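entry-v6.cif follows (mmCIF, C-alpha atoms and all ligand atoms):
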data_entry
loop_
_atom_site.label_atom_id
_atom_site.label_comp_id
_atom_site.auth_asym_id
_atom_site.auth_seq_id
_atom_site.Cartn_x
_atom_site.Cartn_y
_atom_site.Cartn_z
CA MET A 1 22.30 6.10 -5.82
CA PRO A 2 18.56 6.65 -6.44
CA VAL A 3 16.37 7.48 -3.44
CA LEU A 4 13.54 4.97 -3.15
CA VAL A 5 10.37 4.75 -1.05
CA ASP A 6 8.78 1.36 -0.35
CA SER A 7 5.15 2.43 -0.06
CA HIS A 8 3.81 -0.85 1.34
CA THR A 9 5.53 -3.27 3.74
CA HIS A 10 4.62 -5.56 6.63
CA ILE A 11 7.96 -5.58 8.43
CA ASP A 12 6.12 -5.64 11.77
CA MET A 13 5.40 -9.34 11.09
CA ARG A 14 7.02 -11.91 13.34
CA LEU A 15 8.92 -13.23 10.33
CA TYR A 16 11.34 -10.31 10.78
CA ASN A 17 11.80 -10.54 14.54
CA ARG A 18 15.16 -12.23 14.31
CA ASP A 19 16.85 -9.93 11.80
CA ARG A 20 14.81 -6.72 11.44
CA ASP A 21 17.89 -4.52 12.00
CA GLN A 22 19.72 -6.21 9.13
CA VAL A 23 16.65 -6.06 6.89
CA LEU A 24 16.49 -2.29 7.42
CA GLU A 25 20.24 -1.99 6.98
CA ARG A 26 19.98 -3.71 3.58
CA ALA A 27 17.11 -1.40 2.67
CA ARG A 28 19.27 1.65 3.44
CA GLY A 29 22.04 0.08 1.37
CA ALA A 30 19.64 -0.23 -1.57
CA GLY A 31 18.68 3.45 -1.33
CA VAL A 32 15.36 3.06 0.50
CA ALA A 33 15.00 6.37 2.34
CA ALA A 34 11.53 5.71 3.73
CA LEU A 35 9.06 2.86 3.99
CA VAL A 36 5.50 2.55 5.18
CA ASP A 37 4.60 -0.31 7.49
CA VAL A 38 0.94 -1.05 6.87
CA GLY A 39 -1.34 -2.35 9.60
CA CYS A 40 -3.79 -5.22 9.12
CA ASP A 41 -5.60 -5.04 12.47
CA LEU A 42 -5.27 -3.20 15.79
CA ASN A 43 -2.19 -5.13 16.96
CA SER A 44 -0.21 -4.71 13.76
CA SER A 45 -1.21 -1.04 13.59
CA ARG A 46 0.24 -0.59 17.08
CA ALA A 47 3.33 -2.53 16.03
CA ALA A 48 3.73 -0.22 13.01
CA ILE A 49 3.77 2.78 15.33
CA ARG A 50 6.34 1.12 17.59
CA LEU A 51 8.62 0.48 14.59
CA ALA A 52 8.15 4.05 13.43
CA ALA A 53 9.32 5.24 16.85
CA GLN A 54 12.32 2.95 16.70
CA TYR A 55 13.49 3.59 13.11
CA SER A 56 13.53 7.07 11.62
CA GLU A 57 12.82 5.85 8.06
CA VAL A 58 9.72 3.84 9.05
CA PHE A 59 6.25 5.42 8.83
CA ALA A 60 2.98 3.82 9.88
CA ALA A 61 -0.40 3.17 8.27
CA LEU A 62 -3.29 2.06 10.49
CA GLY A 63 -6.24 -0.08 9.59
CA PHE A 64 -8.13 -3.36 9.38
CA HIS A 65 -7.38 -5.46 6.29
CA PRO A 66 -10.49 -6.99 4.68
CA HIS A 67 -9.40 -10.40 6.04
CA SER A 68 -9.69 -8.95 9.56
CA ALA A 69 -12.87 -6.97 8.93
CA ALA A 70 -15.00 -9.37 10.99
CA LYS A 71 -13.04 -8.65 14.15
CA MET A 72 -13.23 -4.86 13.84
CA MET A 73 -15.38 -3.34 16.58
CA ASP A 74 -16.65 0.23 16.53
CA SER A 75 -14.45 0.86 19.58
CA ASP A 76 -11.44 -0.09 17.41
CA LEU A 77 -12.17 2.90 15.18
CA GLU A 78 -11.80 5.06 18.28
CA ARG A 79 -8.47 3.38 19.07
CA LEU A 80 -7.23 3.93 15.51
CA SER A 81 -8.28 7.53 15.66
CA GLU A 82 -6.31 8.03 18.92
CA LEU A 83 -3.27 6.23 17.51
CA ALA A 84 -3.42 8.39 14.39
CA GLN A 85 -2.48 11.42 16.45
CA ASN A 86 1.09 10.12 16.31
CA PRO A 87 2.98 12.31 13.79
CA LYS A 88 4.51 9.28 12.05
CA VAL A 89 1.10 7.95 11.05
CA VAL A 90 0.77 8.79 7.35
CA ALA A 91 -2.27 6.84 6.11
CA ILE A 92 -5.26 4.64 6.88
CA GLY A 93 -4.67 1.16 5.49
CA GLU A 94 -4.71 -1.35 4.42
CA ILE A 95 -8.43 -1.31 3.87
CA GLY A 96 -10.59 -2.61 1.06
CA LEU A 97 -12.25 -5.76 -0.20
CA ASP A 98 -10.95 -9.27 -0.82
CA PHE A 99 -13.60 -11.41 -2.49
CA TYR A 100 -10.98 -13.99 -3.49
CA ARG A 101 -10.36 -15.48 -0.08
CA ASN A 102 -13.47 -14.13 1.67
CA LEU A 103 -11.89 -14.58 5.10
CA SER A 104 -14.51 -12.15 6.39
CA PRO A 105 -18.10 -12.17 5.03
CA ARG A 106 -18.48 -9.79 2.08
CA GLU A 107 -21.06 -7.49 3.64
CA VAL A 108 -18.89 -7.20 6.75
CA GLN A 109 -15.91 -6.25 4.56
CA VAL A 110 -17.96 -3.55 2.82
CA GLU A 111 -19.08 -2.13 6.16
CA ALA A 112 -15.53 -2.05 7.59
CA PHE A 113 -14.18 -0.49 4.37
CA LYS A 114 -16.75 2.31 4.39
CA LYS A 115 -16.27 3.07 8.08
CA GLN A 116 -12.49 3.32 7.65
CA LEU A 117 -12.86 5.54 4.57
CA ALA A 118 -14.97 7.86 6.70
CA LEU A 119 -12.32 7.73 9.42
CA ALA A 120 -9.58 8.69 6.93
CA CYS A 121 -11.69 11.61 5.84
CA ARG A 122 -12.17 12.81 9.43
CA LEU A 123 -8.45 12.45 10.13
CA LYS A 124 -7.51 14.04 6.77
CA LEU A 125 -5.29 11.07 5.94
CA PRO A 126 -4.89 9.31 2.58
CA VAL A 127 -5.96 5.65 2.22
CA ILE A 128 -4.08 2.53 1.14
CA VAL A 129 -6.56 0.27 -0.64
CA HIS A 130 -6.43 -3.50 -1.09
CA CYS A 131 -8.64 -4.95 -3.84
CA ARG A 132 -8.79 -8.56 -4.90
CA ASP A 133 -11.56 -9.98 -7.09
CA ALA A 134 -13.76 -7.04 -6.14
CA GLN A 135 -12.98 -4.43 -8.81
CA GLU A 136 -16.58 -3.31 -9.37
CA GLU A 137 -17.45 -2.99 -5.71
CA VAL A 138 -14.24 -1.16 -4.78
CA LEU A 139 -14.69 1.24 -7.71
CA ARG A 140 -18.28 1.96 -6.67
CA ILE A 141 -17.38 2.58 -3.03
CA LEU A 142 -14.32 4.72 -3.79
CA THR A 143 -16.21 6.77 -6.39
CA GLU A 144 -18.91 7.54 -3.87
CA TRP A 145 -16.26 8.46 -1.30
CA ALA A 146 -14.06 10.50 -3.63
CA TYR A 147 -16.91 12.57 -5.04
CA GLY A 148 -18.80 12.74 -1.77
CA ALA A 149 -19.12 15.64 0.59
CA GLY A 150 -16.03 14.83 2.59
CA ARG A 151 -13.53 14.83 -0.22
CA ALA A 152 -10.01 15.15 1.14
CA LYS A 153 -7.07 16.80 -0.57
CA GLU A 154 -5.40 15.04 -3.50
CA PRO A 155 -3.92 12.57 -3.87
CA LEU A 156 -6.68 10.74 -2.00
CA GLY A 157 -4.79 7.50 -1.65
CA VAL A 158 -3.27 4.57 -3.48
CA LEU A 159 -4.57 1.37 -5.02
CA HIS A 160 -1.93 -0.98 -3.68
CA CYS A 161 -0.59 -3.73 -5.96
CA PHE A 162 -2.96 -2.49 -8.65
CA SER A 163 -4.38 -5.33 -10.73
CA GLY A 164 -6.94 -3.59 -12.92
CA ASP A 165 -6.71 -2.76 -16.62
CA ARG A 166 -5.80 0.50 -18.30
CA GLU A 167 -9.33 1.84 -18.40
CA LEU A 168 -9.78 1.29 -14.67
CA SER A 169 -6.42 2.93 -13.98
CA GLN A 170 -7.65 6.03 -15.80
CA ARG A 171 -10.84 6.14 -13.74
CA TYR A 172 -8.84 6.06 -10.51
CA ILE A 173 -6.38 8.68 -11.71
CA GLU A 174 -9.25 11.00 -12.61
CA MET A 175 -10.65 10.48 -9.11
CA GLY A 176 -7.34 11.53 -7.56
CA PHE A 177 -5.73 8.20 -6.70
CA LEU A 178 -2.22 6.90 -7.29
CA LEU A 179 -1.51 3.33 -8.40
CA SER A 180 1.17 1.15 -6.90
CA ILE A 181 3.17 -1.59 -8.59
CA ALA A 182 4.77 -4.47 -6.69
CA GLY A 183 7.14 -7.39 -7.33
CA PRO A 184 4.90 -9.41 -9.69
CA ILE A 185 5.80 -6.87 -12.42
CA THR A 186 9.10 -8.80 -12.65
CA TYR A 187 7.33 -12.14 -13.33
CA PRO A 188 7.21 -13.40 -16.91
CA SER A 189 3.40 -13.21 -17.25
CA SER A 190 2.72 -10.06 -15.25
CA HIS A 191 -0.73 -8.49 -15.66
CA ALA A 192 0.68 -5.10 -14.73
CA LEU A 193 2.88 -4.57 -17.84
CA GLU A 194 0.28 -2.37 -19.52
CA ILE A 195 -0.14 -0.29 -16.36
CA ALA A 196 3.62 0.08 -15.85
CA TYR A 197 3.91 1.25 -19.45
CA HIS A 198 0.95 3.63 -19.70
CA VAL A 199 0.30 5.17 -16.30
CA PRO A 200 1.92 8.63 -16.07
CA LEU A 201 5.03 8.57 -13.88
CA ASP A 202 3.52 11.19 -11.60
CA LYS A 203 0.72 8.73 -10.69
CA LEU A 204 2.86 5.71 -9.79
CA LEU A 205 4.16 4.33 -6.52
CA ILE A 206 6.35 1.28 -5.99
CA GLU A 207 6.19 -1.24 -3.17
CA THR A 208 7.29 -4.67 -2.05
CA ASP A 209 4.26 -5.74 0.05
CA CYS A 210 6.93 -7.73 1.87
CA PRO A 211 7.12 -10.48 3.08
CA PHE A 212 4.85 -11.38 0.13
CA LEU A 213 5.27 -11.05 -3.66
CA THR A 214 9.05 -11.36 -3.83
CA PRO A 215 10.39 -10.05 -7.18
CA GLN A 216 12.74 -11.89 -9.50
CA PRO A 217 15.56 -12.79 -9.00
CA HIS A 218 14.70 -13.63 -5.37
CA ARG A 219 11.29 -15.15 -6.02
CA GLY A 220 10.52 -17.94 -3.55
CA LYS A 221 12.36 -16.30 -0.65
CA ARG A 222 11.01 -13.94 2.01
CA ASN A 223 10.61 -10.47 0.51
CA GLU A 224 12.10 -7.31 2.06
CA PRO A 225 12.15 -3.55 1.37
CA ALA A 226 15.58 -3.58 -0.35
CA ASN A 227 13.92 -5.49 -3.20
CA VAL A 228 11.83 -2.48 -4.17
CA SER A 229 14.82 -1.53 -6.34
CA PHE A 230 13.98 -4.47 -8.66
CA VAL A 231 10.49 -3.04 -9.14
CA ALA A 232 11.93 0.37 -10.09
CA GLU A 233 14.39 -1.25 -12.49
CA LYS A 234 11.71 -3.32 -14.19
CA ILE A 235 9.40 -0.33 -14.67
CA GLY A 236 12.33 1.59 -16.14
CA GLU A 237 13.02 -1.28 -18.53
CA ILE A 238 9.35 -1.45 -19.62
CA ARG A 239 9.15 2.31 -20.21
CA GLY A 240 12.61 2.63 -21.71
CA VAL A 241 13.84 5.12 -19.10
CA PRO A 242 16.64 4.80 -16.53
CA SER A 243 15.45 3.36 -13.22
CA ASP A 244 16.70 6.58 -11.58
CA VAL A 245 13.90 8.42 -13.36
CA VAL A 246 11.35 5.94 -11.99
CA ALA A 247 12.87 6.31 -8.52
CA GLU A 248 12.79 10.08 -8.67
CA HIS A 249 9.11 10.24 -9.66
CA THR A 250 7.79 7.48 -7.41
CA THR A 251 9.66 8.96 -4.44
CA ALA A 252 8.27 12.43 -5.13
CA ASN A 253 4.76 10.92 -5.41
CA ALA A 254 5.14 9.08 -2.09
CA VAL A 255 6.45 12.24 -0.41
CA LYS A 256 3.39 14.12 -1.63
CA LEU A 257 0.85 11.42 -0.76
CA PHE A 258 2.16 10.60 2.70
CA GLY A 259 3.69 13.99 3.55
CA LEU A 260 7.07 12.39 4.16
CA PRO A 261 9.84 14.66 5.45
CA LEU A 262 12.36 13.68 2.75
NI NI A 301 -0.27 -5.61 2.24
#

Represent the structure from my file as structure tokens, please.
Amino acid sequence: MPVLVDSHTHIDMRLYNRDRDQVLERARGAGVAALVDVGCDLNSSRAAIRLAAQYSEVFAALGFHPHSAAKMMDSDLERLSELAQNPKVVAIGEIGLDFYRNLSPREVQVEAFKKQLALACRLKLPVIVHCRDAQEEVLRILTEWAYGAGRAKEPLGVLHCFSGDRELSQRYIEMGFLLSIAGPITYPSSHALEIAYHVPLDKLLIETDCPFLTPQPHRGKRNEPANVSFVAEKIGEIRGVPSDVVAEHTTANAVKLFGLPL
């Protein structure tokens, strides 16, 4: 059985309170050896750490999602930095910009994004970046960060659920980022086909972003980490390689990015 890593989950959400043990059991059954639970604010970041303490295969990312940017106080950065001392914290995220829903004002999102990038740099942690309808702004901010004085070791982070085109993917790869593909790759009109086909296998991660973005054939139901196997299979199909090869590379990339003890 291939060894998989789900690089982006939200299994701390209440939606899993009733059956989290079974969800993780199914993930193990599908070959998921590690998964990253990604925080969206201070509470979910704390919850991610609690899950990481409870389940050996769970690792935590800490951060304020752009939707929650408006409630991030400077004192929260201090809290995150204290929480990051926990050895199972592997990244700062998810951070970034979401100009589609604009649940926090744009300039507030930019401010929170930049402050958390600086935090990641201080903590020497990679970043997990969310970008929706803000390609230009995210590229500008990450370029400045990546080529700035405080450049961390590569890979610098991952563009989660990457939705850009091939040219943009090349820019990010040159800067030292990985790109992650999620369940929508299995949808008939996926925008990510070109990316799944062209991006070198040593630059790809896979994820579920569960409970969101459920892949075929379970589309419409709550998503869960076991379904990351459908993402690996689909990428294999697109590239004409066995899904084991996709699993092997994406797992090695996740191990390198997050420093996972696999
Ligand atoms: Ni997410």

*Taking only C-alpha atoms into account, which of A:Leu42, A:Ile95, A:Val58, A:Ile49 comes nearest Arg79 in chain A?*
A:Leu42

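Taking CA of Ala53 in chain A as the reference point, CA of Leu260 in chain A is found at 14.7 Å.
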
_So that I can check the surroundings of Pro66 in chain A, please list as a PyMOL selection string every protein, DNA and RNA residue that reaches within 7 Å of it, counting all atoms listed in the file and ignoring chain neighbours fewer than 4 positions away._
chain A and resi 95-98+104+109

*What is the distance, in Å and to one decimal place, between CA of Asp74 in chain A and CA of Val138 in chain A?*
21.5 Å

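Computed from the coordinates, the CA of Val3 in chain A to CA of Ala247 in chain A distance equals 6.3 Å.
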
*Can you find the residues with an atom no farther than 10 Å from (-8.3, -6.1, -4.1), counting only C-alpha atoms, and report them as a VMD selection string?*
chain A and resid 66 95 to 100 129 to 135 137 to 138 159 to 164

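Near ligand NI 301 (chain A), at distances of 10 Å or less and with all atoms listed in the file counted, sit the residues Ser7, His8, Thr9, His10, Asp37, Val38, Gly39, Cys40, His65, Gly93, Glu94, Ile95, Ile128, Val129, His130, His160, Cys161, Glu207, Thr208, Asp209, Cys210, Pro211, Phe212 and Leu213 of chain A.
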
*Kindly provide, as an MDAnalysis selection string, the polymer residues lying within 9 Å of (10.2, -2.4, -13.8), counting all atoms listed in the file and using the coordinates exactly as they appear in the file.*
chainID A and resid 181 183 185:186 193 196 229:239 243 246

_With distances taken over only C-alpha atoms, which residue among A:Leu257, A:Ala47, A:Leu179, A:Ala112 lies nearest Ile11 in chain A?_
A:Ala47

How close does range 110-189 of chain A get to range 87-90 of chain A? List, as CSV, each residue of range 110-189 of chain A within 10 Å, its nearest atom pair and the distance in Å to one decimal, counting all atoms listed in the file.
residue,atom,partner,partner_atom,distance
A:Lys124,CA,A:Val90,CA,9.8
A:Leu125,CA,A:Val90,CA,6.6
A:Pro126,CA,A:Val90,CA,7.4
A:Val127,CA,A:Val90,CA,9.0

Restricted to C-alpha atoms, what would the selected residues look like written as a compact mmCIF listing (two decimals), in the coordinates of the input?
# COMPACT_ATOMS: atom_id res chain seq x y z
CA LYS A 124 -7.51 14.04 6.77
CA LEU A 125 -5.29 11.07 5.94
CA PRO A 126 -4.89 9.31 2.58
CA VAL A 127 -5.96 5.65 2.22

*Can you tell me, as JSON, numbers by chain, what residues are no more than 10 Å from Pro200 in chain A when counting only C-alpha atoms, ignoring any on the same chain fewer than 4 positions away?*
{"A": [170, 173, 178, 179, 195, 196, 204, 249]}

*Asp21 in chain A surroundings by all atoms listed in the file, 12 Å radius, close-in-sequence under 6 positions cut, as a ChimeraX atom specification*: /A:11-12,27-28,51,54-55,224

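Restricting the calculation to all atoms listed in the file, the smallest distance between Glu174 in chain A and any of A:His198, A:Lys153, A:Lys203, A:His218 is found for A:Lys203.
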
*asked:* Considering all atoms listed in the file, can you say which of A:Gly240, A:Gly176, A:Pro225, A:Pro105 comes closest to Glu154 in chain A?
replied: A:Gly176

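Candidate residues A:Leu35, A:Ala70, A:Leu24, A:Val241 were compared for distance to Leu205 in chain A, and the nearest is A:Leu35, using only C-alpha atoms.
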
Could I get range 54-75 of chain A rebuilt with N, CA, C and O atoms, written as a PDB file, in the coordinates of the input?
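To be explicit, this is the file written out as out_34.pdb:
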ATOM      1  N   GLN A  54      10.994   3.540  16.569  1.00  0.00           N
ATOM      2  CA  GLN A  54      12.320   2.950  16.700  1.00  0.00           C
ATOM      3  C   GLN A  54      13.240   3.299  15.526  1.00  0.00           C
ATOM      4  O   GLN A  54      14.438   3.487  15.714  1.00  0.00           O
ATOM      5  N   TYR A  55      12.675   3.363  14.325  1.00  0.00           N
ATOM      6  CA  TYR A  55      13.490   3.590  13.110  1.00  0.00           C
ATOM      7  C   TYR A  55      13.015   4.858  12.410  1.00  0.00           C
ATOM      8  O   TYR A  55      11.836   4.976  12.064  1.00  0.00           O
ATOM      9  N   SER A  56      13.947   5.775  12.176  1.00  0.00           N
ATOM     10  CA  SER A  56      13.530   7.070  11.620  1.00  0.00           C
ATOM     11  C   SER A  56      12.920   6.950  10.230  1.00  0.00           C
ATOM     12  O   SER A  56      12.069   7.751   9.851  1.00  0.00           O
ATOM     13  N   GLU A  57      13.321   5.943   9.435  1.00  0.00           N
ATOM     14  CA  GLU A  57      12.820   5.850   8.060  1.00  0.00           C
ATOM     15  C   GLU A  57      11.488   5.108   7.956  1.00  0.00           C
ATOM     16  O   GLU A  57      10.919   4.997   6.873  1.00  0.00           O
ATOM     17  N   VAL A  58      10.985   4.586   9.085  1.00  0.00           N
ATOM     18  CA  VAL A  58       9.720   3.840   9.050  1.00  0.00           C
ATOM     19  C   VAL A  58       8.545   4.759   9.398  1.00  0.00           C
ATOM     20  O   VAL A  58       8.610   5.517  10.371  1.00  0.00           O
ATOM     21  N   PHE A  59       7.487   4.684   8.590  1.00  0.00           N
ATOM     22  CA  PHE A  59       6.250   5.420   8.830  1.00  0.00           C
ATOM     23  C   PHE A  59       5.118   4.403   8.930  1.00  0.00           C
ATOM     24  O   PHE A  59       5.254   3.280   8.448  1.00  0.00           O
ATOM     25  N   ALA A  60       4.025   4.795   9.578  1.00  0.00           N
ATOM     26  CA  ALA A  60       2.980   3.820   9.880  1.00  0.00           C
ATOM     27  C   ALA A  60       1.663   4.140   9.175  1.00  0.00           C
ATOM     28  O   ALA A  60       1.285   5.304   9.021  1.00  0.00           O
ATOM     29  N   ALA A  61       0.988   3.070   8.726  1.00  0.00           N
ATOM     30  CA  ALA A  61      -0.400   3.170   8.270  1.00  0.00           C
ATOM     31  C   ALA A  61      -1.232   2.293   9.190  1.00  0.00           C
ATOM     32  O   ALA A  61      -0.783   1.219   9.596  1.00  0.00           O
ATOM     33  N   LEU A  62      -2.444   2.761   9.519  1.00  0.00           N
ATOM     34  CA  LEU A  62      -3.290   2.060  10.490  1.00  0.00           C
ATOM     35  C   LEU A  62      -4.574   1.595   9.839  1.00  0.00           C
ATOM     36  O   LEU A  62      -5.220   2.357   9.121  1.00  0.00           O
ATOM     37  N   GLY A  63      -4.950   0.349  10.121  1.00  0.00           N
ATOM     38  CA  GLY A  63      -6.240  -0.080   9.590  1.00  0.00           C
ATOM     39  C   GLY A  63      -6.489  -1.561   9.738  1.00  0.00           C
ATOM     40  O   GLY A  63      -5.610  -2.310  10.166  1.00  0.00           O
ATOM     41  N   PHE A  64      -7.727  -1.945   9.382  1.00  0.00           N
ATOM     42  CA  PHE A  64      -8.130  -3.360   9.380  1.00  0.00           C
ATOM     43  C   PHE A  64      -8.227  -3.841   7.930  1.00  0.00           C
ATOM     44  O   PHE A  64      -9.046  -3.352   7.154  1.00  0.00           O
ATOM     45  N   HIS A  65      -7.368  -4.793   7.581  1.00  0.00           N
ATOM     46  CA  HIS A  65      -7.380  -5.460   6.290  1.00  0.00           C
ATOM     47  C   HIS A  65      -8.734  -6.165   6.113  1.00  0.00           C
ATOM     48  O   HIS A  65      -9.324  -6.593   7.104  1.00  0.00           O
ATOM     49  N   PRO A  66      -9.202  -6.297   4.866  1.00  0.00           N
ATOM     50  CA  PRO A  66     -10.490  -6.990   4.680  1.00  0.00           C
ATOM     51  C   PRO A  66     -10.535  -8.381   5.316  1.00  0.00           C
ATOM     52  O   PRO A  66     -11.596  -8.804   5.789  1.00  0.00           O
ATOM     53  N   HIS A  67      -9.411  -9.078   5.380  1.00  0.00           N
ATOM     54  CA  HIS A  67      -9.400 -10.400   6.040  1.00  0.00           C
ATOM     55  C   HIS A  67      -9.780 -10.285   7.512  1.00  0.00           C
ATOM     56  O   HIS A  67     -10.310 -11.225   8.089  1.00  0.00           O
ATOM     57  N   SER A  68      -9.446  -9.142   8.127  1.00  0.00           N
ATOM     58  CA  SER A  68      -9.690  -8.950   9.560  1.00  0.00           C
ATOM     59  C   SER A  68     -10.945  -8.139   9.834  1.00  0.00           C
ATOM     60  O   SER A  68     -11.208  -7.760  10.985  1.00  0.00           O
ATOM     61  N   ALA A  69     -11.707  -7.861   8.786  1.00  0.00           N
ATOM     62  CA  ALA A  69     -12.870  -6.970   8.930  1.00  0.00           C
ATOM     63  C   ALA A  69     -13.845  -7.481   9.993  1.00  0.00           C
ATOM     64  O   ALA A  69     -14.422  -6.697  10.744  1.00  0.00           O
ATOM     65  N   ALA A  70     -13.996  -8.805  10.077  1.00  0.00           N
ATOM     66  CA  ALA A  70     -15.000  -9.370  10.990  1.00  0.00           C
ATOM     67  C   ALA A  70     -14.651  -9.126  12.456  1.00  0.00           C
ATOM     68  O   ALA A  70     -15.528  -9.160  13.311  1.00  0.00           O
ATOM     69  N   LYS A  71     -13.353  -8.886  12.738  1.00  0.00           N
ATOM     70  CA  LYS A  71     -13.040  -8.650  14.150  1.00  0.00           C
ATOM     71  C   LYS A  71     -12.966  -7.165  14.507  1.00  0.00           C
ATOM     72  O   LYS A  71     -12.643  -6.817  15.632  1.00  0.00           O
ATOM     73  N   MET A  72     -13.266  -6.295  13.556  1.00  0.00           N
ATOM     74  CA  MET A  72     -13.230  -4.860  13.840  1.00  0.00           C
ATOM     75  C   MET A  72     -14.485  -4.414  14.585  1.00  0.00           C
ATOM     76  O   MET A  72     -15.591  -4.564  14.098  1.00  0.00           O
ATOM     77  N   MET A  73     -14.270  -3.868  15.785  1.00  0.00           N
ATOM     78  CA  MET A  73     -15.380  -3.340  16.580  1.00  0.00           C
ATOM     79  C   MET A  73     -15.423  -1.821  16.377  1.00  0.00           C
ATOM     80  O   MET A  73     -14.405  -1.214  16.044  1.00  0.00           O
ATOM     81  N   ASP A  74     -16.568  -1.227  16.645  1.00  0.00           N
ATOM     82  CA  ASP A  74     -16.650   0.230  16.530  1.00  0.00           C
ATOM     83  C   ASP A  74     -15.655   0.906  17.476  1.00  0.00           C
ATOM     84  O   ASP A  74     -15.103   1.957  17.164  1.00  0.00           O
ATOM     85  N   SER A  75     -15.408   0.278  18.635  1.00  0.00           N
ATOM     86  CA  SER A  75     -14.450   0.860  19.580  1.00  0.00           C
ATOM     87  C   SER A  75     -13.037   0.863  18.990  1.00  0.00           C
ATOM     88  O   SER A  75     -12.207   1.694  19.345  1.00  0.00           O
TER      89      SER A  75
END
